[in-house]
>>> print(open('target-v1.txt').read())   # compact mmCIF, C-alpha atoms
# COMPACT_ATOMS: atom_id res chain seq x y z
CA MET Q 1 95.66 107.61 96.88
CA SER Q 2 93.94 107.33 93.53
CA ARG Q 3 95.27 105.11 90.77
CA ALA Q 4 95.23 108.15 88.49
CA ALA Q 5 97.56 110.05 90.85
CA ILE Q 6 99.97 107.10 90.85
CA ARG Q 7 99.94 106.93 87.03
CA TYR Q 8 100.58 110.68 86.71
CA ALA Q 9 103.40 110.48 89.28
CA LYS Q 10 105.05 107.58 87.45
CA ALA Q 11 104.81 109.44 84.13
CA ILE Q 12 106.36 112.60 85.59
CA LEU Q 13 109.12 110.55 87.24
CA GLU Q 14 109.92 108.84 83.92
CA THR Q 15 110.03 112.24 82.18
CA ALA Q 16 112.28 113.66 84.91
CA ILE Q 17 114.59 110.60 84.72
CA SER Q 18 114.96 110.95 80.95
CA SER Q 19 115.79 114.65 81.30
CA GLY Q 20 118.08 114.01 84.30
CA ASN Q 21 116.07 116.38 86.46
CA THR Q 22 114.59 114.14 89.18
CA VAL Q 23 116.03 116.09 92.13
CA LYS Q 24 114.65 119.49 91.12
CA VAL Q 25 111.27 118.02 90.14
CA ASN Q 26 111.16 116.31 93.55
CA ASP Q 27 111.82 119.69 95.18
CA ASP Q 28 108.85 121.06 93.18
CA MET Q 29 106.64 118.17 94.29
CA VAL Q 30 107.59 118.55 97.97
CA SER Q 31 106.78 122.26 97.75
CA ILE Q 32 103.48 121.66 95.94
CA ALA Q 33 102.32 118.98 98.38
CA ALA Q 34 103.24 121.12 101.40
CA SER Q 35 101.52 124.19 99.93
CA ILE Q 36 98.28 122.40 99.13
CA VAL Q 37 98.13 120.47 102.42
CA GLY Q 38 99.14 123.54 104.41
CA HIS Q 39 96.62 125.89 102.81
CA ALA Q 40 93.02 124.71 102.86
CA ASP Q 41 92.02 127.61 100.59
CA LEU Q 42 94.35 126.40 97.84
CA SER Q 43 93.09 122.84 98.21
CA GLN Q 44 89.45 123.98 97.98
CA PHE Q 45 90.28 126.23 95.03
CA LEU Q 46 91.87 123.35 93.07
CA SER Q 47 88.99 120.97 93.76
CA SER Q 48 86.20 123.50 93.16
CA PRO Q 49 83.95 122.56 90.23
CA ILE Q 50 82.94 126.22 89.85
CA VAL Q 51 86.46 127.54 89.08
CA THR Q 52 87.46 126.93 85.46
CA SER Q 53 90.61 124.96 84.68
CA GLU Q 54 92.03 128.03 82.92
CA VAL Q 55 91.76 130.08 86.13
CA LYS Q 56 93.29 127.21 88.14
CA MET Q 57 96.13 126.96 85.62
CA SER Q 58 96.95 130.67 85.73
CA ALA Q 59 96.85 130.61 89.55
CA LEU Q 60 99.22 127.62 89.68
CA LYS Q 61 101.61 129.31 87.24
CA GLU Q 62 101.63 132.35 89.51
CA VAL Q 63 101.96 130.47 92.82
CA PHE Q 64 104.56 128.04 91.48
CA ALA Q 65 106.30 130.37 89.02
CA SER Q 66 109.79 128.87 89.34
CA VAL Q 67 108.97 125.19 88.81
CA GLN Q 68 110.76 122.87 86.40
CA PRO Q 69 109.50 122.31 82.81
CA GLU Q 70 108.37 118.76 83.77
CA THR Q 71 106.18 120.21 86.52
CA ASN Q 72 104.71 122.75 84.11
CA SER Q 73 103.90 119.91 81.70
CA LEU Q 74 102.08 118.17 84.57
CA PHE Q 75 100.03 121.34 85.12
CA ARG Q 76 99.13 121.43 81.39
CA LEU Q 77 98.16 117.75 81.45
CA LEU Q 78 95.95 118.28 84.51
CA GLN Q 79 94.35 121.27 82.80
CA GLU Q 80 93.57 119.23 79.66
CA ASN Q 81 92.06 116.41 81.72
CA LYS Q 82 90.42 118.70 84.31
CA ARG Q 83 92.11 116.81 87.19
CA PHE Q 84 93.66 119.59 89.31
CA GLU Q 85 92.02 118.15 92.44
CA ILE Q 86 94.54 115.26 92.52
CA LEU Q 87 97.65 117.47 92.29
CA ALA Q 88 98.58 117.06 95.98
CA SER Q 89 98.23 113.27 95.68
CA ILE Q 90 100.38 113.24 92.55
CA ALA Q 91 103.06 115.32 94.29
CA SER Q 92 103.09 113.04 97.36
CA GLN Q 93 103.20 109.93 95.20
CA TYR Q 94 106.06 111.33 93.10
CA THR Q 95 108.09 111.96 96.26
CA ALA Q 96 107.38 108.42 97.50
CA LEU Q 97 108.51 106.96 94.15
CA TYR Q 98 111.57 109.21 94.11
CA ASP Q 99 112.53 108.15 97.65
CA SER Q 100 112.02 104.49 96.82
CA MET Q 101 114.19 104.86 93.71
CA ASN Q 102 116.95 106.43 95.84
CA ASN Q 103 116.68 103.85 98.66
CA VAL Q 104 115.33 106.44 101.10
CA GLU Q 105 112.65 105.56 103.63
CA THR Q 106 110.59 107.86 105.84
CA ALA Q 107 110.42 107.04 109.52
CA LYS Q 108 107.38 108.42 111.32
CA VAL Q 109 108.34 109.29 114.88
CA THR Q 110 105.46 110.07 117.23
CA THR Q 111 106.44 112.01 120.35
CA ALA Q 112 104.51 113.79 123.10
CA PHE Q 113 106.36 117.03 122.24
CA PRO Q 114 108.32 118.33 119.22
CA ILE Q 115 111.40 116.15 118.73
CA THR Q 116 114.70 117.37 120.20
CA SER Q 117 118.09 116.80 118.59
CA GLU Q 118 118.98 114.44 121.48
CA LEU Q 119 115.88 112.30 120.93
CA GLU Q 120 116.42 112.42 117.17
CA ALA Q 121 119.92 110.97 117.71
CA GLN Q 122 118.41 108.15 119.85
CA VAL Q 123 115.80 107.45 117.18
CA LEU Q 124 118.40 107.40 114.39
CA ALA Q 125 120.49 104.95 116.44
CA LYS Q 126 117.44 102.67 116.82
CA ILE Q 127 116.66 102.99 113.11
CA ALA Q 128 120.21 101.86 112.24
CA THR Q 129 119.43 98.51 113.93
CA ILE Q 130 116.18 98.10 111.96
CA SER Q 131 116.90 99.40 108.46
CA ASP Q 132 119.91 99.74 106.18
CA LYS Q 133 118.26 102.43 104.04
CA LYS Q 134 118.81 106.18 104.20
CA ILE Q 135 116.16 107.52 106.55
CA THR Q 136 114.29 110.82 106.74
CA ILE Q 137 112.37 111.53 109.93
CA GLU Q 138 108.82 112.85 110.03
CA ASN Q 139 107.82 113.99 113.52
CA ILE Q 140 104.18 113.61 114.64
CA VAL Q 141 103.29 115.23 117.96
CA ASP Q 142 100.70 113.35 120.06
CA PRO Q 143 100.49 114.29 123.77
CA ALA Q 144 98.46 111.10 124.44
CA ILE Q 145 101.63 108.95 124.41
CA ILE Q 146 102.78 110.85 127.57
CA GLY Q 147 106.52 110.40 126.88
CA GLY Q 148 109.06 108.36 124.92
CA PHE Q 149 108.41 107.73 121.25
CA ILE Q 150 106.74 105.45 118.71
CA LEU Q 151 108.83 104.69 115.63
CA ARG Q 152 107.16 103.46 112.44
CA ILE Q 153 109.19 102.48 109.36
CA GLY Q 154 107.18 100.88 106.58
CA ASP Q 155 105.27 98.03 108.23
CA LYS Q 156 107.54 97.81 111.31
CA GLN Q 157 106.77 99.59 114.57
CA TYR Q 158 108.83 100.08 117.72
CA ASN Q 159 106.78 101.44 120.64
CA ALA Q 160 108.85 103.03 123.40
CA SER Q 161 106.06 105.27 124.68
CA VAL Q 162 105.14 105.72 128.34
CA ALA Q 163 101.46 105.12 127.47
CA ASN Q 164 102.37 101.73 125.94
CA ARG Q 165 104.45 100.74 129.01
CA LEU Q 166 101.55 101.67 131.32
CA GLN Q 167 99.23 99.56 129.15
CA GLU Q 168 101.64 96.59 129.46
CA LEU Q 169 101.77 96.98 133.25
CA LYS Q 170 97.98 97.12 133.39
CA ARG Q 171 97.78 93.85 131.41
CA GLU Q 172 100.34 92.19 133.73
CA PHE Q 173 98.42 93.19 136.85
CA SER Q 174 95.07 92.09 135.46
CA ASN Q 175 96.35 88.52 134.73
>>> encode(input="target-v1.txt", output="structure tokens")
Amino acid sequence: MSRAAIRYAKAILETAISSGNTVKVNDDMVSIAASIVGHADLSQFLSSPIVTSEVKMSALKEVFASVQPETNSLFRLLQENKRFEILASIASQYTALYDSMNNVETAKVTTAFPITSELEAQVLAKIATISDKKITIENIVDPAIIGGFILRIGDKQYNASVANRLQELKREFSN
């Protein structure tokens, strides 16, 4: 994450706070980050030195036609400074600042398969013992953990994976 992206995100958050529009701007930022991360073509287009900032600006206005005025002002600022390549970072950083401001924390839950509602309930119960913040869950699928789950909140980790248990057994038997 570049320092510039953090500064832009803070400036947009301050603007959104003063206009009382933080929720809708956050919705814009979530959409922008997901669109850029999810579409490699868009990411390459925004970071291409060959494409002019005017073309990038008109494309963004078309792709994100219904964004808030604060988001449009961010686009204009990025056009003036020729910094469109950091838009995804700015959007992610804005959402992180917004969540922090609203006492929301993201829990990364790694499972061997897409999370089920039953497992999500177990995870939320475990989270309640660790954190008193509002939690959103981000599911990461990694078949290498075999089963169970790995829960990561901030700098805390709870490993209830089968792969971890097998590793512990291996260490016990080798001692």
>>> residues_around(input="target-v1.txt", residues="segment 148-151 of chain Q", least_positions_apart="4", cutoff="10 Å", atoms="all atoms listed in the file", output="list of chain:residue names")
Q:Ala107, Q:Lys108, Q:Val109, Q:Thr110, Q:Thr111, Q:Ala112, Q:Phe113, Q:Ile115, Q:Leu119, Q:Val123, Q:Lys126, Q:Ile127, Q:Ile137, Q:Glu138, Q:Asn139, Q:Ile140, Q:Val141, Q:Asp142, Q:Lys156, Q:Gln157, Q:Tyr158, Q:Asn159, Q:Ala160, Q:Ser161, Q:Val162, Q:Ala163, Q:Asn164, Q:Arg165
>>> residues_around(input="target-v1.txt", residues="segment 52-69 of chain Q", least_positions_apart="4", cutoff="9 Å", atoms="all atoms listed in the file", output="count of residues only")
20
>>> closest_atom_pairs(input="target-v1.txt", of="segment 38-130 of chain Q", to="segment 5-10 of chain Q", cutoff="6 Å", atoms="all atoms listed in the file", output="CSV")
residue,atom,partner,partner_atom,distance
Q:Ser89,CA,Q:Ala5,CA,5.8
Q:Ile90,CA,Q:Ala5,CA,4.6
Q:Gln93,CA,Q:Ala9,CA,5.9
Q:Tyr94,CA,Q:Ala9,CA,4.7
>>> closest_residue(input="target-v1.txt", among="Q:Asn175, Q:Ala144, Q:Ile153, Q:Leu77", to="Ala128 of chain Q", atoms="only C-alpha atoms")
Q:Ile153
>>> closest_residue(input="target-v1.txt", among="Q:Glu120, Q:Asp155, Q:Glu85, Q:Glu70", to="Ile17 of chain Q", atoms="only C-alpha atoms")
Q:Glu70
>>> atom_distance(input="target-v1.txt", atom1="atom CA of Gln167 of chain Q", atom2="atom CA of Arg152 of chain Q")
18.9 Å
>>> atom_distance(input="target-v1.txt", atom1="atom CA of Lys170 of chain Q", atom2="atom CA of Gly154 of chain Q")
28.6 Å
>>> atom_distance(input="target-v1.txt", atom1="atom CA of Leu97 of chain Q", atom2="atom CA of Ala11 of chain Q")
11.0 Å
>>> closest_residue(input="target-v1.txt", among="Q:Leu169, Q:Ser47, Q:Lys134, Q:Leu13", to="Asn102 of chain Q", atoms="all atoms listed in the file")
Q:Lys134
